[in-house]
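Colleague: Let me begin by handing over the structure; questions about it come next.
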Amino acid sequence: MSDKKVSRPCHHCKSRSASAPTDTSKIHYEKFWLYRHCSSVQQRDRQAQKAGQLFSGLLAMNVVFLGSAFISSMIFNKVAITLADVWILLSILKVLCLFWIIYYLLGTSRQPHAVLYRDSHAGAIWIRGSVLLFGSCSILLKVFQIGYSTILIHCKSRVEIVFPSIGILFICTQAYFLWHHSKDCIQVQHNFTRCGLMLTIATNLLVWLLAVTNDTLHMEIESQLREVEQRFAGNETTSCTCPNTTICKVFQKGYILLYPFNTEYCLICCSVLYVMWKNVGRHISHHHIPHTKPKFKLQGVVFGPLLGTSAVIIGACVFMMYQIQATSLVPSRQVFVIYYSYYIVLLPLMSVGAVIGTIIHALEKRELDTLKNPTRSLDVVLLMGAALGQIGMSYFSIVALVATDPRDLLNSLNLSYSVLLIFQNITQNVFVIDGLHRRRVYSQTPPGKKEDTKEEQNHEAHSQRRVSVLELGQEIRKASLSYIHTYSHLSWKRRVLREISFFLILCNIILWVMPTFGAHPIFENGMERSFYGYSTWFVIVNFGLPLGVFYRMHSVGGLLELYVTA
């Protein structure tokens, strides 16, 4: 009896011990001091980060407003505020940026645990390559400006030589900084780094704004001189003109040709610096880092390169014809008809390709990538913002053309061009942005491919020893069969996406080249200019054209990413 009485309490104890884990699992861990301390530390870090971003943003806003006030005063009151005053202000800002960049390179980035993480999505090779390309063109532009001002030193200020010299130092230092440190997620001196980045962004924005207004004045003077030459046969001259020497003509033409590259350089630098600003103090977990890096391969596409190359060749021919005719005193009406006809044929093809690509994205089973990515967020904002340049100019053209004479041949072509341009920008933005938010699927090497490539390389090594026409034909046949095998290996959805992406890449390249190197029929046809007035239309065009050029270049980067990850 006693044993049974003892065993019963033991059995009851076992049941209580079994239920013990369920009771402990209900403990509220947020009541512990350690949890409260850690959460408060994280909250203070977030508050400090937001406060630092707010303060640096206010600094950039005040600098931009101050510089904009100087530039606006120069435009509307040239007596009180001259161009030299604006150059002095920008030179001071550039020197401050140079001091900060040098301090970052020699001090901040070399501190212990300064760069623990690097953003793999930031500073893509095409962006850094664009910084170097446009930076080199901007440096050459400054050299032409210094040479041209040196020849005309008798009628120009010495500031026109000092300001480009400081600009060369600023461009070289900034390009080096962005090439090597665009991926940094700096973990020390957060507030000072944020303020330095925002000051550099504000300086680039002011340089861009000054370049746009100077380009407006330059084109206005050039057009007025053309009208004077038509009336007076070029008999009138000014006191400060380029002498009739070859070197002076080279400086003048080179300056005019390279001028648009300076505006593009400023916009690209602003976008890269903004991503760096967002990455200050950012911690990246290991699962955010891609294990395999996608590579650009031409295999698997046929029709996209063919159609795109045809568009580039035809566009180059149209561009050369336009440049030859439009630079004459009386541009022929036929060259505008050819120019608009090329766009009217090309833009619908691009729109149809973008719509098909968007439909394929909807049919795919890939999930949306919802991870926090400052680079992708900036890409979306830049695509949407830069597209407003072309869309805005198109709407202004539509209103002017409908209100005047839309039944005229040239006006009807211009109207169709404006409508198609709006539709193409919208469809391409939807296609690119939807693709950027899809989960990345990198192409894998099919089994046995490495062995095949090794055997082909060995066979090529033997065939080089005994070259003959027959063996050369066999090698070409093998390469063709390998290309066809790779093409058939891709699924039809991925294949169509790669074809569309490659076609749109080449089309955006030629549509970037044509306005960059001087094809501006939206101003030179004279229709909108006579409707809105000379000064108003110049402001619209010179704010819209640089954004349109930047949109085409940025679209190429987004489409390249879609092509690689398709």
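For the structure tokens, the naming scheme is as follows: chains receive sequential letters (A, B, ...) according to their order of presentation, residues are indexed from 1 within each chain, and ligands are indexed from 1 in presentation order.
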How close does each residue of range 118-194 of chain A get to range 542-564 of chain A, giving the shortest atom pair and distance in Å to one decimal for every residue with an atom at most 12 Å away, counting only C-alpha atoms, sorted by chain and residue number, as CSV?
Modeller:
```
residue,atom,partner,partner_atom,distance
A:His121,CA,A:Glu561,CA,10.6
A:Gly123,CA,A:Gly557,CA,11.3
A:Ala124,CA,A:Gly557,CA,8.7
A:Ile125,CA,A:Gly557,CA,9.6
A:Trp126,CA,A:Gly557,CA,6.7
A:Ile127,CA,A:Gly557,CA,7.6
A:Arg128,CA,A:Gly557,CA,11.2
A:Gly129,CA,A:Gly557,CA,11.1
A:Ser130,CA,A:Met553,CA,9.1
A:Val131,CA,A:Met553,CA,11.9
A:Phe134,CA,A:Met553,CA,11.7
```
Colleague: Deliver the residues from the most recent selection as a file, using C-alpha atoms, as a compact mmCIF listing (two decimals), in the first residue's frame.
Modeller:
```
# COMPACT_ATOMS: atom_id res chain seq x y z
CA HIS A 121 24.46 45.99 -56.23
CA GLY A 123 28.66 50.73 -58.50
CA ALA A 124 28.01 48.38 -61.40
CA ILE A 125 30.76 48.19 -63.99
CA TRP A 126 28.70 50.06 -66.60
CA ILE A 127 28.06 52.91 -64.14
CA ARG A 128 31.72 53.22 -63.16
CA GLY A 129 32.69 52.93 -66.82
CA SER A 130 30.27 55.76 -67.64
CA VAL A 131 31.86 57.86 -64.89
CA PHE A 134 32.08 61.09 -69.32
```
Colleague: Would you kindly return, as a list of chain:residue names, each protein, DNA or RNA residue with an atom no farther than 7 Å from any atom of Cys266 in chain A, considering only C-alpha atoms and excluding same-chain residues fewer than 2 positions away?
Modeller: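 Residues near the query, excluding close chain neighbours: A:Asn204, A:Leu205, A:Trp208, A:Asn262, A:Thr263, A:Glu264, A:Ile268, A:Cys269, A:Cys270.
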Colleague: To one decimal place in Å, what is the distance between CA of Val63 in chain A and CA of Trp537 in chain A?
Modeller: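 These atoms are spaced 27.9 Å apart.
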Colleague: Go through A:Ala80, A:Leu511, A:Val430, A:Leu206 one by one, measure the shortest atom-to-atom distance of each to Ala362 in chain A using only C-alpha atoms, and give the residue with the smallest value.
Modeller: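 Using only C-alpha atoms, the shortest distance to Ala362 in chain A belongs to A:Val430.
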Colleague: What's the 12 Å shell around Ser72 in chain A, counting only C-alpha atoms, without same-chain residues fewer than 5 positions away, as a ChimeraX atom specification?
Modeller: /A:64-67,77-78,80-83,86,206,209-210,213-214
Colleague: Write a file of the just-selected residues containing C-alpha atoms, as a compact mmCIF listing (two decimals), in the first residue's frame.
Modeller:
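Result file is selection-v3.txt:
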```txt
# COMPACT_ATOMS: atom_id res chain seq x y z
CA VAL A 64 21.54 74.03 -53.69
CA PHE A 65 19.21 76.93 -52.89
CA LEU A 66 22.16 79.30 -52.46
CA GLY A 67 23.72 78.23 -55.75
CA ASN A 77 20.35 90.49 -63.50
CA LYS A 78 23.73 90.17 -65.17
CA ALA A 80 24.75 92.64 -60.07
CA ILE A 81 25.71 88.94 -60.32
CA THR A 82 28.02 87.95 -63.16
CA LEU A 83 29.12 84.56 -64.44
CA VAL A 86 28.96 82.02 -59.94
CA LEU A 206 24.85 73.17 -59.27
CA LEU A 209 22.35 73.57 -63.50
CA LEU A 210 24.98 76.05 -64.64
CA THR A 213 21.72 77.51 -68.44
CA ASN A 214 24.99 78.17 -70.24
```
